[in-house]
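Structure file my_file-v6.tsv (TSV, C-alpha atoms) follows.
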```
chain	number	residue	atom	x	y	z
A	1	MET	CA	100.13	-15.08	13.44
A	2	ASP	CA	97.93	-13.72	16.20
A	3	TYR	CA	99.31	-11.96	19.26
A	4	ILE	CA	96.08	-12.42	21.26
A	5	ILE	CA	96.45	-16.20	21.09
A	6	LEU	CA	100.17	-15.90	21.89
A	7	SER	CA	99.28	-13.79	24.92
A	8	ILE	CA	96.60	-16.28	26.04
A	9	ILE	CA	99.07	-19.17	25.75
A	10	LEU	CA	101.65	-17.29	27.83
A	11	LEU	CA	98.97	-16.43	30.40
A	12	GLY	CA	97.94	-20.10	30.52
A	13	ILE	CA	101.51	-21.27	31.11
A	14	GLY	CA	101.93	-18.67	33.86
A	15	VAL	CA	98.66	-19.53	35.62
A	16	TYR	CA	99.45	-23.25	35.39
A	17	GLY	CA	102.84	-22.62	37.02
A	18	LEU	CA	101.26	-20.44	39.69
A	19	LEU	CA	98.78	-23.18	40.59
A	20	THR	CA	101.04	-26.21	40.45
A	21	LYS	CA	104.57	-25.15	41.38
A	22	ARG	CA	105.47	-24.90	45.06
A	23	HIS	CA	108.96	-23.39	44.80
A	24	LEU	CA	109.04	-19.61	45.32
A	25	LEU	CA	111.43	-19.08	42.40
A	26	LYS	CA	109.03	-20.90	40.06
A	27	ILE	CA	106.14	-18.82	41.40
A	28	PHE	CA	108.20	-15.72	40.61
A	29	ILE	CA	108.83	-16.98	37.06
A	30	SER	CA	105.09	-17.66	36.66
A	31	VAL	CA	104.27	-14.08	37.74
A	32	GLU	CA	106.82	-12.77	35.23
A	33	LEU	CA	105.22	-14.82	32.44
A	34	ILE	CA	101.77	-13.46	33.33
A	35	ALA	CA	103.22	-9.93	33.29
A	36	ILE	CA	104.77	-10.55	29.85
A	37	ALA	CA	101.38	-11.75	28.56
A	38	ALA	CA	99.72	-8.57	29.86
A	39	THR	CA	102.34	-6.20	28.46
A	40	LEU	CA	102.24	-7.97	25.09
A	41	ASN	CA	98.53	-7.17	24.92
A	42	PHE	CA	99.15	-3.52	25.88
A	43	VAL	CA	101.77	-2.98	23.20
A	44	MET	CA	100.09	-4.87	20.38
A	45	LEU	CA	96.48	-3.82	20.89
A	46	ALA	CA	96.51	-0.33	22.45
A	47	GLY	CA	98.68	1.14	19.70
A	48	GLN	CA	101.72	3.31	20.03
A	49	GLY	CA	101.82	6.08	22.64
A	50	LEU	CA	98.94	4.93	24.84
A	51	GLY	CA	100.08	1.31	24.74
A	52	GLU	CA	103.62	2.20	25.72
A	53	ALA	CA	102.36	4.47	28.50
A	54	PHE	CA	100.35	1.54	29.88
A	55	LEU	CA	103.43	-0.58	29.48
A	56	ILE	CA	105.52	1.67	31.70
A	57	LEU	CA	102.80	1.58	34.35
A	58	ALA	CA	102.63	-2.22	34.09
A	59	PHE	CA	106.41	-2.44	34.41
A	60	SER	CA	106.44	-0.39	37.59
A	61	THR	CA	103.75	-2.62	39.13
A	62	ASP	CA	105.56	-5.72	37.95
A	63	THR	CA	108.83	-4.54	39.46
A	64	ALA	CA	107.14	-3.88	42.81
A	65	VAL	CA	105.61	-7.37	42.77
A	66	SER	CA	109.00	-8.85	41.87
A	67	ALA	CA	110.64	-7.03	44.77
A	68	VAL	CA	108.03	-8.36	47.22
A	69	ILE	CA	108.39	-11.95	45.98
A	70	LEU	CA	112.19	-11.77	46.10
A	71	ALA	CA	112.05	-10.34	49.63
A	72	LEU	CA	109.77	-13.23	50.60
A	73	LEU	CA	112.21	-15.68	48.99
A	74	VAL	CA	115.12	-14.27	51.01
A	75	VAL	CA	113.21	-14.14	54.32
A	76	ILE	CA	111.67	-17.61	53.97
A	77	SER	CA	114.94	-19.20	52.83
A	78	LYS	CA	116.84	-17.70	55.77
A	79	LYS	CA	114.18	-18.58	58.36
A	80	TYR	CA	113.17	-22.05	57.23
A	81	GLY	CA	116.10	-23.19	55.08
A	82	THR	CA	113.85	-24.06	52.15
A	83	SER	CA	111.94	-22.24	49.42
A	84	ASP	CA	109.20	-24.85	49.13
A	85	ILE	CA	105.89	-23.34	50.27
A	86	THR	CA	104.37	-26.71	51.21
A	87	GLU	CA	107.25	-27.47	53.56
A	88	VAL	CA	107.12	-23.96	55.03
A	89	VAL	CA	103.39	-24.33	55.80
A	90	LYS	CA	104.05	-27.76	57.33
A	91	MET	CA	106.82	-26.35	59.57
A	92	GLU	CA	104.62	-23.45	60.58
A	93	LYS	CA	101.78	-25.81	61.57
A	94	GLU	CA	104.17	-28.02	63.55
A	95	SER	CA	105.51	-25.01	65.45
A	96	GLU	CA	101.93	-23.89	66.24
A	97	VAL	CA	101.10	-27.36	67.61
A	98	GLU	CA	104.24	-27.27	69.79
A	99	ILE	CA	103.24	-23.87	71.21
A	100	ASP	CA	99.72	-25.15	72.01
B	1	MET	CA	108.03	-15.81	9.02
B	2	ILE	CA	110.37	-14.16	11.54
B	3	PHE	CA	107.45	-13.41	13.92
B	4	GLU	CA	106.36	-17.05	13.85
B	5	ILE	CA	109.89	-18.21	14.73
B	6	LEU	CA	110.11	-15.62	17.54
B	7	SER	CA	106.72	-16.69	18.92
B	8	ILE	CA	107.74	-20.35	18.95
B	9	GLY	CA	111.01	-19.40	20.68
B	10	LEU	CA	109.07	-17.34	23.23
B	11	ILE	CA	106.71	-20.17	24.18
B	12	VAL	CA	109.45	-22.83	24.24
B	13	SER	CA	111.73	-20.70	26.44
B	14	ALA	CA	108.80	-19.89	28.76
B	15	CYS	CA	108.07	-23.63	29.13
B	16	LEU	CA	111.75	-24.37	29.80
B	17	ALA	CA	111.90	-21.59	32.42
B	18	LEU	CA	108.93	-23.01	34.27
B	19	PHE	CA	109.54	-26.75	34.05
B	20	LEU	CA	113.33	-27.14	34.39
B	21	ASP	CA	114.35	-28.07	37.94
B	22	GLU	CA	117.82	-26.53	38.13
B	23	VAL	CA	118.02	-22.81	38.87
B	24	VAL	CA	120.65	-21.68	36.35
B	25	PRO	CA	119.14	-23.26	33.19
B	26	SER	CA	115.69	-22.14	34.31
B	27	VAL	CA	116.75	-18.51	34.78
B	28	SER	CA	118.71	-18.64	31.50
B	29	ALA	CA	115.55	-19.77	29.72
B	30	LEU	CA	113.68	-16.85	31.33
B	31	ALA	CA	116.39	-14.54	29.95
B	32	GLY	CA	115.65	-16.05	26.53
B	33	THR	CA	111.95	-15.26	27.03
B	34	PHE	CA	112.78	-11.60	27.78
B	35	ILE	CA	115.05	-11.35	24.74
B	36	PHE	CA	112.44	-12.91	22.42
B	37	ILE	CA	109.69	-10.57	23.65
B	38	SER	CA	112.01	-7.54	23.28
B	39	VAL	CA	112.82	-8.50	19.69
B	40	ILE	CA	109.11	-8.96	18.93
B	41	TYR	CA	108.41	-5.46	20.26
B	42	ALA	CA	111.33	-3.95	18.33
B	43	LEU	CA	110.34	-5.58	15.04
B	44	ASN	CA	106.76	-4.38	15.52
B	45	GLY	CA	107.98	-0.79	15.79
B	46	ALA	CA	107.57	-0.37	19.56
B	47	ILE	CA	111.18	0.60	20.23
B	48	PHE	CA	110.58	2.13	23.67
B	49	ALA	CA	108.74	-0.97	24.81
B	50	ALA	CA	111.60	-3.13	23.55
B	51	VAL	CA	114.25	-1.07	25.35
B	52	PHE	CA	112.27	-0.97	28.63
B	53	GLN	CA	111.51	-4.68	28.47
B	54	PHE	CA	115.15	-5.49	27.80
B	55	ALA	CA	116.46	-3.28	30.63
B	56	ILE	CA	113.94	-4.56	33.18
B	57	GLY	CA	114.49	-8.13	32.03
B	58	ILE	CA	118.25	-7.81	32.50
B	59	GLY	CA	117.77	-6.46	36.04
B	60	THR	CA	115.34	-9.24	36.94
B	61	ILE	CA	117.63	-11.92	35.55
B	62	ALA	CA	120.64	-10.52	37.44
B	63	VAL	CA	118.76	-10.57	40.76
B	64	LEU	CA	117.32	-14.02	40.03
B	65	PHE	CA	120.75	-15.46	39.23
B	66	LEU	CA	122.13	-14.21	42.52
B	67	SER	CA	119.23	-15.00	44.81
B	68	GLY	CA	118.38	-18.26	43.09
B	69	GLU	CA	121.90	-19.66	43.24
B	70	MET	CA	122.53	-18.50	46.82
B	71	LEU	CA	119.21	-19.34	48.45
B	72	SER	CA	117.74	-22.30	46.59
B	73	GLU	CA	118.64	-25.85	47.48
B	74	LYS	CA	119.98	-28.02	44.67
B	75	PRO	CA	117.53	-30.54	43.12
B	76	LYS	CA	118.04	-34.18	44.12
B	77	LYS	CA	118.42	-35.44	40.55
B	78	LYS	CA	119.43	-33.72	37.34
B	79	THR	CA	116.83	-33.16	34.62
B	80	SER	CA	117.30	-35.80	31.93
B	81	GLN	CA	117.71	-34.91	28.27
B	82	LEU	CA	114.50	-36.80	27.52
B	83	THR	CA	112.60	-34.50	29.88
B	84	VAL	CA	114.15	-31.41	28.25
B	85	ALA	CA	113.20	-32.73	24.80
B	86	GLY	CA	109.67	-33.37	26.08
B	87	ILE	CA	109.40	-29.80	27.41
B	88	ILE	CA	110.64	-28.38	24.08
B	89	GLY	CA	108.17	-30.60	22.19
B	90	GLY	CA	105.35	-29.47	24.48
B	91	GLY	CA	106.32	-25.84	23.93
B	92	LEU	CA	106.34	-26.34	20.16
B	93	ALA	CA	102.89	-27.94	20.30
B	94	LEU	CA	101.59	-25.12	22.53
B	95	SER	CA	102.88	-22.45	20.15
B	96	LEU	CA	101.10	-23.92	17.11
B	97	PRO	CA	97.73	-22.22	17.80
B	98	ALA	CA	99.42	-18.80	17.96
B	99	VAL	CA	101.12	-19.43	14.63
B	100	LEU	CA	98.26	-21.07	12.74
B	101	LEU	CA	95.03	-19.60	14.17
B	102	SER	CA	93.69	-16.06	14.10
B	103	VAL	CA	90.84	-14.60	16.16
B	104	SER	CA	91.40	-10.86	15.82
B	105	GLY	CA	92.00	-10.67	12.10
B	106	SER	CA	94.86	-8.22	12.57
B	107	THR	CA	98.56	-8.86	12.91
B	108	GLY	CA	98.81	-6.46	15.85
B	109	ALA	CA	101.61	-4.49	14.25
B	110	VAL	CA	102.30	-1.10	15.87
B	111	PHE	CA	103.38	1.80	13.68
B	112	SER	CA	106.09	3.90	15.24
B	113	GLU	CA	107.15	7.40	14.24
B	114	VAL	CA	110.43	7.02	16.10
B	115	SER	CA	113.25	5.20	14.36
B	116	LEU	CA	115.62	2.90	16.19
B	117	GLY	CA	118.50	5.34	15.75
B	118	ASP	CA	116.48	8.17	17.28
B	119	ALA	CA	115.38	6.03	20.21
B	120	LEU	CA	118.90	4.85	20.92
B	121	TRP	CA	120.97	7.99	20.34
B	122	ASN	CA	118.73	11.05	20.70
B	123	MET	CA	116.41	9.80	23.44
B	124	ARG	CA	119.10	8.19	25.63
B	125	GLY	CA	117.76	4.67	25.26
B	126	PHE	CA	121.31	3.53	24.57
B	127	ASP	CA	122.37	4.60	28.08
B	128	VAL	CA	119.67	2.44	29.63
B	129	VAL	CA	120.75	-0.57	27.58
B	130	LEU	CA	124.40	-0.06	28.56
B	131	GLN	CA	123.46	0.27	32.23
B	132	GLY	CA	121.63	-3.04	31.95
B	133	LEU	CA	124.67	-4.67	30.37
B	134	VAL	CA	126.99	-3.34	33.12
B	135	ILE	CA	124.68	-4.63	35.88
B	136	MET	CA	124.41	-7.98	34.09
B	137	THR	CA	128.21	-8.26	33.82
B	138	ILE	CA	128.66	-7.51	37.53
B	139	ALA	CA	125.99	-10.04	38.46
B	140	VAL	CA	127.53	-12.76	36.30
B	141	GLY	CA	130.95	-12.03	37.85
B	142	ILE	CA	129.58	-12.30	41.41
B	143	PHE	CA	127.72	-15.46	40.45
B	144	ILE	CA	130.92	-17.09	39.13
B	145	VAL	CA	132.86	-16.14	42.30
B	146	LEU	CA	130.11	-17.53	44.55
B	147	TYR	CA	129.80	-20.69	42.46
B	148	LYS	CA	133.56	-21.34	42.70
B	149	LYS	CA	133.50	-20.74	46.46
B	150	ARG	CA	130.65	-23.18	46.85
B	151	SER	CA	132.34	-25.90	44.82
B	152	GLY	CA	135.56	-25.46	46.83
B	153	GLY	CA	137.72	-23.86	44.14
B	154	LYS	CA	139.95	-20.81	44.57
```
Whole structure given in structure tokens:
Amino acid sequence: MDYIILSIILLGIGVYGLLTKRHLLKIFISVELIAIAATLNFVMLAGQGLGEAFLILAFSTDTAVSAVILALLVVISKKYGTSDITEVVKMEKESEVEID
Amino acid sequence: MIFEILSIGLIVSACLALFLDEVVPSVSALAGTFIFISVIYALNGAIFAAVFQFAIGIGTIAVLFLSGEMLSEKPKKKTSQLTVAGIIGGGLALSLPAVLLSVSGSTGAVFSEVSLGDALWNMRGFDVVLQGLVIMTIAVGIFIVLYKKRSGGK
């Protein structure tokens, strides 16, 4: 049982989701998985005390990132009626062409 | 043996959270991921990390349940059981390297001087856990009310 490999696998799943998924909720889940992979490394490898101090710092950053993504989800869903980034970009381009 | 089972559960629930199309099962699987990682921390002696992870996980899940159900559009077709079985199989296959291989040579266990009882009762960790449970209960209640309103029930 090796926590480094476990962390790498979690990181891989998160990065894969970040690159392939287009729904904002799935992107949020991917970011959470990447954060879990990072905090797992902090706790298991940095030892007690220092590791947990890093963990609290990582949690605060992670929470801020989560808040930004959720705010984006709310704003984009209200404005465009969808959470799919590809569709949002398409709508944005169409509106730019109409303005031109 | 328990760490291997927890690791497999962690990877499988992470895969389910990412690849399931419906919001509620996906967020539920993410809750499973948070619970598995908290238990791994607790069993390794990192009680503070476990309590923080659990509390933050509960908050995240509560917000995700609400925002996901209210703002996301429903998928056109339901995920088939074959797809779910495939995702679970993929997760099991992905978790095998973590269980069987070793690159660091250490188990990564953290030695803690604080017992679980101390962390929960003397250092007010129990309050944080209870706050998380209260927020989770409120969120689940609001979710049920909204879901009934959406489906036309009273």
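One finds atom CA of Ile61 of chain B at 20.6 Å from atom CA of Asp84 of chain A.
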May I have the residues within 12 Å of Ala50 of chain B as a count of residues only, using only C-alpha atoms and disregarding those fewer than 3 positions away in the same chain? 33
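With all atoms listed in the file as the atoms that count, the residue of B:Ile87, B:Val24, B:Leu100, B:Val51 with the shortest distance to chain A is B:Leu100.
Non-sequential neighbours of Gly9 of chain B (distance at most 8 Å, separation of 4 or more positions within a chain, only C-alpha atoms) are B:Ile5, B:Ser13, B:Thr33, B:Phe36.
Taking all atoms listed in the file into account, Phe65 of chain B lies nearest to A:Leu70 out of the set A:Leu45, A:Ala37, A:Leu10, A:Leu70.
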Can you measure atom CA of Ile11 of chain B to atom CA of Leu19 of chain A for me? One decimal in Å is fine. 18.5 Å
When you get a chance, write out N, CA and C atoms for segment 15-41 of chain A, as a PDB file, in the frame of the given file.
```
ATOM      1  N   VAL A  15      99.672 -19.150  34.621  1.00  0.00           N
ATOM      2  CA  VAL A  15      98.660 -19.530  35.620  1.00  0.00           C
ATOM      3  C   VAL A  15      98.855 -20.985  36.045  1.00  0.00           C
ATOM      4  N   TYR A  16      99.187 -21.846  35.065  1.00  0.00           N
ATOM      5  CA  TYR A  16      99.450 -23.250  35.390  1.00  0.00           C
ATOM      6  C   TYR A  16     100.615 -23.348  36.386  1.00  0.00           C
ATOM      7  N   GLY A  17     101.684 -22.604  36.123  1.00  0.00           N
ATOM      8  CA  GLY A  17     102.840 -22.620  37.020  1.00  0.00           C
ATOM      9  C   GLY A  17     102.491 -22.081  38.398  1.00  0.00           C
ATOM     10  N   LEU A  18     101.660 -21.050  38.421  1.00  0.00           N
ATOM     11  CA  LEU A  18     101.260 -20.440  39.690  1.00  0.00           C
ATOM     12  C   LEU A  18     100.444 -21.416  40.545  1.00  0.00           C
ATOM     13  N   LEU A  19      99.643 -22.252  39.866  1.00  0.00           N
ATOM     14  CA  LEU A  19      98.780 -23.180  40.590  1.00  0.00           C
ATOM     15  C   LEU A  19      99.486 -24.466  40.984  1.00  0.00           C
ATOM     16  N   THR A  20     100.464 -24.882  40.201  1.00  0.00           N
ATOM     17  CA  THR A  20     101.040 -26.210  40.450  1.00  0.00           C
ATOM     18  C   THR A  20     102.414 -26.174  41.116  1.00  0.00           C
ATOM     19  N   LYS A  21     103.209 -25.160  40.838  1.00  0.00           N
ATOM     20  CA  LYS A  21     104.570 -25.150  41.380  1.00  0.00           C
ATOM     21  C   LYS A  21     104.564 -24.670  42.828  1.00  0.00           C
ATOM     22  N   ARG A  22     105.426 -25.244  43.644  1.00  0.00           N
ATOM     23  CA  ARG A  22     105.470 -24.900  45.060  1.00  0.00           C
ATOM     24  C   ARG A  22     106.766 -24.179  45.451  1.00  0.00           C
ATOM     25  N   HIS A  23     107.691 -24.059  44.509  1.00  0.00           N
ATOM     26  CA  HIS A  23     108.960 -23.390  44.800  1.00  0.00           C
ATOM     27  C   HIS A  23     108.772 -21.892  44.536  1.00  0.00           C
ATOM     28  N   LEU A  24     109.277 -21.055  45.456  1.00  0.00           N
ATOM     29  CA  LEU A  24     109.040 -19.610  45.320  1.00  0.00           C
ATOM     30  C   LEU A  24     109.649 -19.023  44.048  1.00  0.00           C
ATOM     31  N   LEU A  25     110.790 -19.578  43.629  1.00  0.00           N
ATOM     32  CA  LEU A  25     111.430 -19.080  42.400  1.00  0.00           C
ATOM     33  C   LEU A  25     110.552 -19.363  41.176  1.00  0.00           C
ATOM     34  N   LYS A  26     109.921 -20.546  41.177  1.00  0.00           N
ATOM     35  CA  LYS A  26     109.030 -20.900  40.060  1.00  0.00           C
ATOM     36  C   LYS A  26     107.764 -20.037  40.089  1.00  0.00           C
ATOM     37  N   ILE A  27     107.309 -19.712  41.280  1.00  0.00           N
ATOM     38  CA  ILE A  27     106.140 -18.820  41.400  1.00  0.00           C
ATOM     39  C   ILE A  27     106.504 -17.441  40.836  1.00  0.00           C
ATOM     40  N   PHE A  28     107.722 -16.997  41.145  1.00  0.00           N
ATOM     41  CA  PHE A  28     108.200 -15.720  40.610  1.00  0.00           C
ATOM     42  C   PHE A  28     108.242 -15.748  39.085  1.00  0.00           C
ATOM     43  N   ILE A  29     108.760 -16.852  38.519  1.00  0.00           N
ATOM     44  CA  ILE A  29     108.830 -16.980  37.060  1.00  0.00           C
ATOM     45  C   ILE A  29     107.419 -16.971  36.461  1.00  0.00           C
ATOM     46  N   SER A  30     106.474 -17.642  37.144  1.00  0.00           N
ATOM     47  CA  SER A  30     105.090 -17.660  36.660  1.00  0.00           C
ATOM     48  C   SER A  30     104.506 -16.244  36.627  1.00  0.00           C
ATOM     49  N   VAL A  31     104.773 -15.468  37.693  1.00  0.00           N
ATOM     50  CA  VAL A  31     104.270 -14.080  37.740  1.00  0.00           C
ATOM     51  C   VAL A  31     104.888 -13.264  36.600  1.00  0.00           C
ATOM     52  N   GLU A  32     106.167 -13.488  36.330  1.00  0.00           N
ATOM     53  CA  GLU A  32     106.820 -12.770  35.230  1.00  0.00           C
ATOM     54  C   GLU A  32     106.177 -13.118  33.889  1.00  0.00           C
ATOM     55  N   LEU A  33     105.848 -14.408  33.703  1.00  0.00           N
ATOM     56  CA  LEU A  33     105.220 -14.820  32.440  1.00  0.00           C
ATOM     57  C   LEU A  33     103.835 -14.182  32.277  1.00  0.00           C
ATOM     58  N   ILE A  34     103.094 -14.115  33.381  1.00  0.00           N
ATOM     59  CA  ILE A  34     101.770 -13.460  33.330  1.00  0.00           C
ATOM     60  C   ILE A  34     101.945 -11.978  32.984  1.00  0.00           C
ATOM     61  N   ALA A  35     102.967 -11.354  33.572  1.00  0.00           N
ATOM     62  CA  ALA A  35     103.220  -9.930  33.290  1.00  0.00           C
ATOM     63  C   ALA A  35     103.605  -9.731  31.820  1.00  0.00           C
ATOM     64  N   ILE A  36     104.398 -10.653  31.272  1.00  0.00           N
ATOM     65  CA  ILE A  36     104.770 -10.550  29.850  1.00  0.00           C
ATOM     66  C   ILE A  36     103.528 -10.659  28.969  1.00  0.00           C
ATOM     67  N   ALA A  37     102.621 -11.587  29.336  1.00  0.00           N
ATOM     68  CA  ALA A  37     101.380 -11.750  28.560  1.00  0.00           C
ATOM     69  C   ALA A  37     100.570 -10.448  28.574  1.00  0.00           C
ATOM     70  N   ALA A  38     100.494  -9.819  29.744  1.00  0.00           N
ATOM     71  CA  ALA A  38      99.720  -8.570  29.860  1.00  0.00           C
ATOM     72  C   ALA A  38     100.361  -7.450  29.054  1.00  0.00           C
ATOM     73  N   THR A  39     101.678  -7.298  29.170  1.00  0.00           N
ATOM     74  CA  THR A  39     102.340  -6.200  28.460  1.00  0.00           C
ATOM     75  C   THR A  39     102.313  -6.404  26.952  1.00  0.00           C
ATOM     76  N   LEU A  40     102.355  -7.681  26.527  1.00  0.00           N
ATOM     77  CA  LEU A  40     102.240  -7.970  25.090  1.00  0.00           C
ATOM     78  C   LEU A  40     100.914  -7.450  24.547  1.00  0.00           C
ATOM     79  N   ASN A  41      99.848  -7.679  25.327  1.00  0.00           N
ATOM     80  CA  ASN A  41      98.530  -7.170  24.920  1.00  0.00           C
ATOM     81  C   ASN A  41      98.525  -5.646  24.845  1.00  0.00           C
TER      82      ASN A  41
END
```
